Amino acid sequence: MLTVALFQGLVFRQPLENVSQVLIGLGLVIVGLSLFVVGLQLGLFPLGEAMAHDFARKGSLPWLIAFAFALGFGTTFAEPALIAIAGKVAAIKALGAAAEQQDALRESYALALRMTVAAAVGTALVVGVLRIVLGWPIHYWIMSGYAVVFVLTPFAPREIVAVAYDSGGVTTSTITVPLATALGVGLASSIKGRSPLLDGFGLIAFASLTPILFVLVWGILWA
């Protein structure tokens with residue numbers, strides 16, 4: 001708010017329209033984010049770590065993999081940032097269609113993009129969980145993944161490349177990050193010989209990489 005006020009007063013030198021509405025909105029955002037952070041500490045972090053501990057004690061790798069994929073897919077599909085960018089991309093994509101087809105095309109395109117990114121993050125958490133369980137070094141996976149991204153980029157449609165790269169960022173937002181982090185730290189804490197600091201983190205790196213790969217492939221094959 002201070003930044004906006006400084007630019008309005010010193011650069012634009014114009015009064016801000018709807019000041020009362022803006023202030024109310026900013027207040028609601030501050031209250032909402034504060035409650036969200038408290039909710040993370042009280043609910044989501046303990047929940048994710050507790051479930052990771054339970055799966056580690058149970059010793060069932062298939063169920064752990066299924067849970068990791070479901071967690072990544074579900075949280076990403078409901079991610080507000082992804083919903084926003086998918087809707088915007090779909091709206092632009094539908095502009096060239098006939099008026100009676102625009103709504104259907106917009107909905108189907110947005111859904112396909114959200115499903116693709118959600119499947120990518122689900123796969124990312126599966127790979128991240130296997131890395132923790134089996135002790136795979138993270139840097140080889142990350143370097144190999146981005147090498148594939150660089151190879152695929154020239155073959156993807158030009159209009160999908162920027163969307164693919166942005167998809168890696170919008171997935172690591174308010175919902176996915178806390179639960180994925182809690183899962184990784186809880187799992188690493190439950191497995192003998194694993195360090196929560198060295199092995200528990202890194203899932204978000206996979207969650208940022210795989211959407212780029214999946215959306216590029218989606219663009220090459222279908223978009």
# chains A, B, ... in the order shown; residues from 1 in each chain; ligands from 1
>>> residues_around(residues="stretch 173-175 of chain A", least_positions_apart="3", cutoff="9 Å", atoms="only C-alpha atoms", output="number ranges by chain")
A: 36, 75-76, 78-82, 169-170, 178-180
>>> residues_around(residues="stretch 102-109 of chain A", least_positions_apart="4", cutoff="8 Å", atoms="only C-alpha atoms", output="PyMOL selection string")
chain A and resi 86-87+90-91+93-95+97-98+113
>>> closest_residue(among="A:Pro62, A:Ser34, A:Leu209, A:Gly200", to="A:Phe150", atoms="only C-alpha atoms")
A:Leu209
>>> residues_around(residues="stretch 157-164 of chain A", least_positions_apart="3", cutoff="7 Å", atoms="only C-alpha atoms", output="list in words")
Thr153, Ser167, Gly168, Pro211, Ile212, Val215, Leu216, Gly219 and Ile220 of chain A
>>> closest_residue(among="A:Ala110, A:Ala118, A:Val29, A:Ile142", to="A:Leu71", atoms="only C-alpha atoms")
A:Ala118
>>> select_by_dssp(residues="stretch 140-174 of chain A", states="helix (DSSP H, G or I)", output="list of chain:residue names")
A:Tyr140, A:Trp141, A:Ile142, A:Met143, A:Ser144, A:Gly145, A:Tyr146, A:Ala147, A:Val148, A:Val149, A:Phe150, A:Val151, A:Leu152, A:Thr153, A:Pro154, A:Phe155, A:Arg158, A:Glu159, A:Ile160, A:Val161, A:Ala162, A:Val163, A:Ala164, A:Tyr165, A:Asp166, A:Ser167, A:Gly168, A:Gly169, A:Val170
>>> atom_distance(atom1="atom CA of A:Val149", atom2="atom CA of A:Leu197")
27.6 Å
>>> atom_distance(atom1="atom CA of A:Leu183", atom2="atom CA of A:Ala52")
5.5 Å
>>> closest_residue(among="A:Ala66, A:Leu111, A:Leu221, A:Leu187", to="A:Asp54", atoms="only C-alpha atoms")
A:Leu187
>>> residues_around(residues="stretch 133-138 of chain A", least_positions_apart="6", cutoff="12 Å", atoms="only C-alpha atoms", output="short mmCIF file (atom, residue, chain, number, x, y, z; two decimals) with N, CA and C atoms, in the first residue's frame")
data_model
loop_
_atom_site.label_atom_id
_atom_site.label_comp_id
_atom_site.auth_asym_id
_atom_site.auth_seq_id
_atom_site.Cartn_x
_atom_site.Cartn_y
_atom_site.Cartn_z
N ALA A 52 2.30 -38.40 6.52
CA ALA A 52 3.57 -38.94 6.05
C ALA A 52 4.14 -39.93 7.07
N PHE A 55 2.12 -43.23 6.83
CA PHE A 55 2.47 -44.04 5.67
C PHE A 55 3.84 -44.68 5.84
N ALA A 56 4.78 -43.96 6.44
CA ALA A 56 6.12 -44.53 6.66
C ALA A 56 6.06 -45.69 7.64
N GLY A 59 4.54 -48.72 6.00
CA GLY A 59 5.48 -49.37 5.09
C GLY A 59 4.89 -49.77 3.76
N SER A 60 3.81 -49.11 3.33
CA SER A 60 3.15 -49.44 2.07
C SER A 60 3.52 -48.40 1.03
N LEU A 61 4.49 -48.71 0.19
CA LEU A 61 4.93 -47.77 -0.83
C LEU A 61 3.85 -47.48 -1.87
N LEU A 64 1.52 -44.98 -0.46
CA LEU A 64 2.20 -43.70 -0.32
C LEU A 64 2.27 -42.99 -1.67
N ILE A 65 2.58 -43.74 -2.72
CA ILE A 65 2.65 -43.15 -4.06
C ILE A 65 1.26 -42.66 -4.49
N VAL A 126 5.07 -37.76 -6.76
CA VAL A 126 5.44 -39.18 -6.78
C VAL A 126 6.95 -39.33 -6.94
N VAL A 127 7.53 -38.61 -7.88
CA VAL A 127 8.98 -38.67 -8.08
C VAL A 127 9.70 -38.16 -6.85
N SER A 144 18.37 -32.98 -15.50
CA SER A 144 17.85 -33.76 -16.62
C SER A 144 16.50 -33.23 -17.07
N GLY A 145 15.66 -32.86 -16.10
CA GLY A 145 14.33 -32.35 -16.44
C GLY A 145 14.40 -31.06 -17.24
N GLY A 184 6.94 -33.88 2.46
CA GLY A 184 8.36 -34.20 2.30
C GLY A 184 9.09 -34.22 3.63
N VAL A 185 8.87 -33.20 4.45
CA VAL A 185 9.56 -33.13 5.75
C VAL A 185 9.10 -34.26 6.66
N GLY A 186 7.80 -34.52 6.69
CA GLY A 186 7.29 -35.61 7.53
C GLY A 186 7.81 -36.96 7.10
N LEU A 187 7.88 -37.19 5.80
CA LEU A 187 8.38 -38.48 5.30
C LEU A 187 9.86 -38.65 5.60
N ALA A 188 10.65 -37.60 5.35
CA ALA A 188 12.09 -37.68 5.63
C ALA A 188 12.35 -37.87 7.12
N SER A 189 11.51 -37.28 7.97
CA SER A 189 11.68 -37.43 9.42
C SER A 189 11.35 -38.84 9.89
N SER A 190 10.55 -39.56 9.10
CA SER A 190 10.09 -40.88 9.52
C SER A 190 10.96 -42.03 9.03
N ILE A 191 11.85 -41.73 8.09
CA ILE A 191 12.68 -42.79 7.50
C ILE A 191 14.09 -42.70 8.07
N LYS A 192 14.56 -43.80 8.59
CA LYS A 192 15.88 -43.84 9.19
C LYS A 192 16.95 -43.55 8.13
N GLY A 193 17.87 -42.68 8.48
CA GLY A 193 18.95 -42.33 7.56
C GLY A 193 18.64 -41.16 6.66
N ARG A 194 17.45 -40.59 6.76
CA ARG A 194 17.08 -39.44 5.94
C ARG A 194 17.07 -38.18 6.80
N SER A 195 17.52 -37.10 6.24
CA SER A 195 17.57 -35.82 6.95
C SER A 195 16.38 -34.96 6.51
N LEU A 198 17.96 -32.07 4.44
CA LEU A 198 18.60 -32.42 3.17
C LEU A 198 17.67 -33.17 2.23
N ASP A 199 16.82 -34.03 2.78
CA ASP A 199 15.97 -34.88 1.95
C ASP A 199 14.51 -34.46 1.94
N GLY A 200 14.07 -33.74 2.98
CA GLY A 200 12.65 -33.42 3.09
C GLY A 200 12.18 -32.35 2.13
N PHE A 201 13.10 -31.49 1.69
CA PHE A 201 12.74 -30.44 0.75
C PHE A 201 13.12 -30.86 -0.67
N GLY A 202 12.59 -30.16 -1.64
CA GLY A 202 12.87 -30.48 -3.03
C GLY A 202 11.64 -30.86 -3.82
N LEU A 203 10.54 -31.18 -3.12
CA LEU A 203 9.32 -31.53 -3.84
C LEU A 203 8.78 -30.36 -4.64
N ILE A 204 8.95 -29.15 -4.12
CA ILE A 204 8.45 -27.98 -4.83
C ILE A 204 9.24 -27.74 -6.11
N ALA A 205 10.52 -28.11 -6.11
CA ALA A 205 11.32 -27.98 -7.33
C ALA A 205 10.76 -28.88 -8.43
N PHE A 206 10.40 -30.11 -8.06
CA PHE A 206 9.76 -31.01 -9.03
C PHE A 206 8.41 -30.46 -9.47
#
>>> closest_residue(among="A:Val177, A:Val22, A:Leu152, A:Leu33", to="A:Leu125", atoms="only C-alpha atoms")
A:Val177
>>> closest_residue(among="A:Ala50, A:Ala119, A:Val19, A:Ala112", to="A:Gly72", atoms="only C-alpha atoms")
A:Ala119
>>> atom_distance(atom1="atom CA of A:Arg131", atom2="atom CA of A:Val148")
19.1 Å
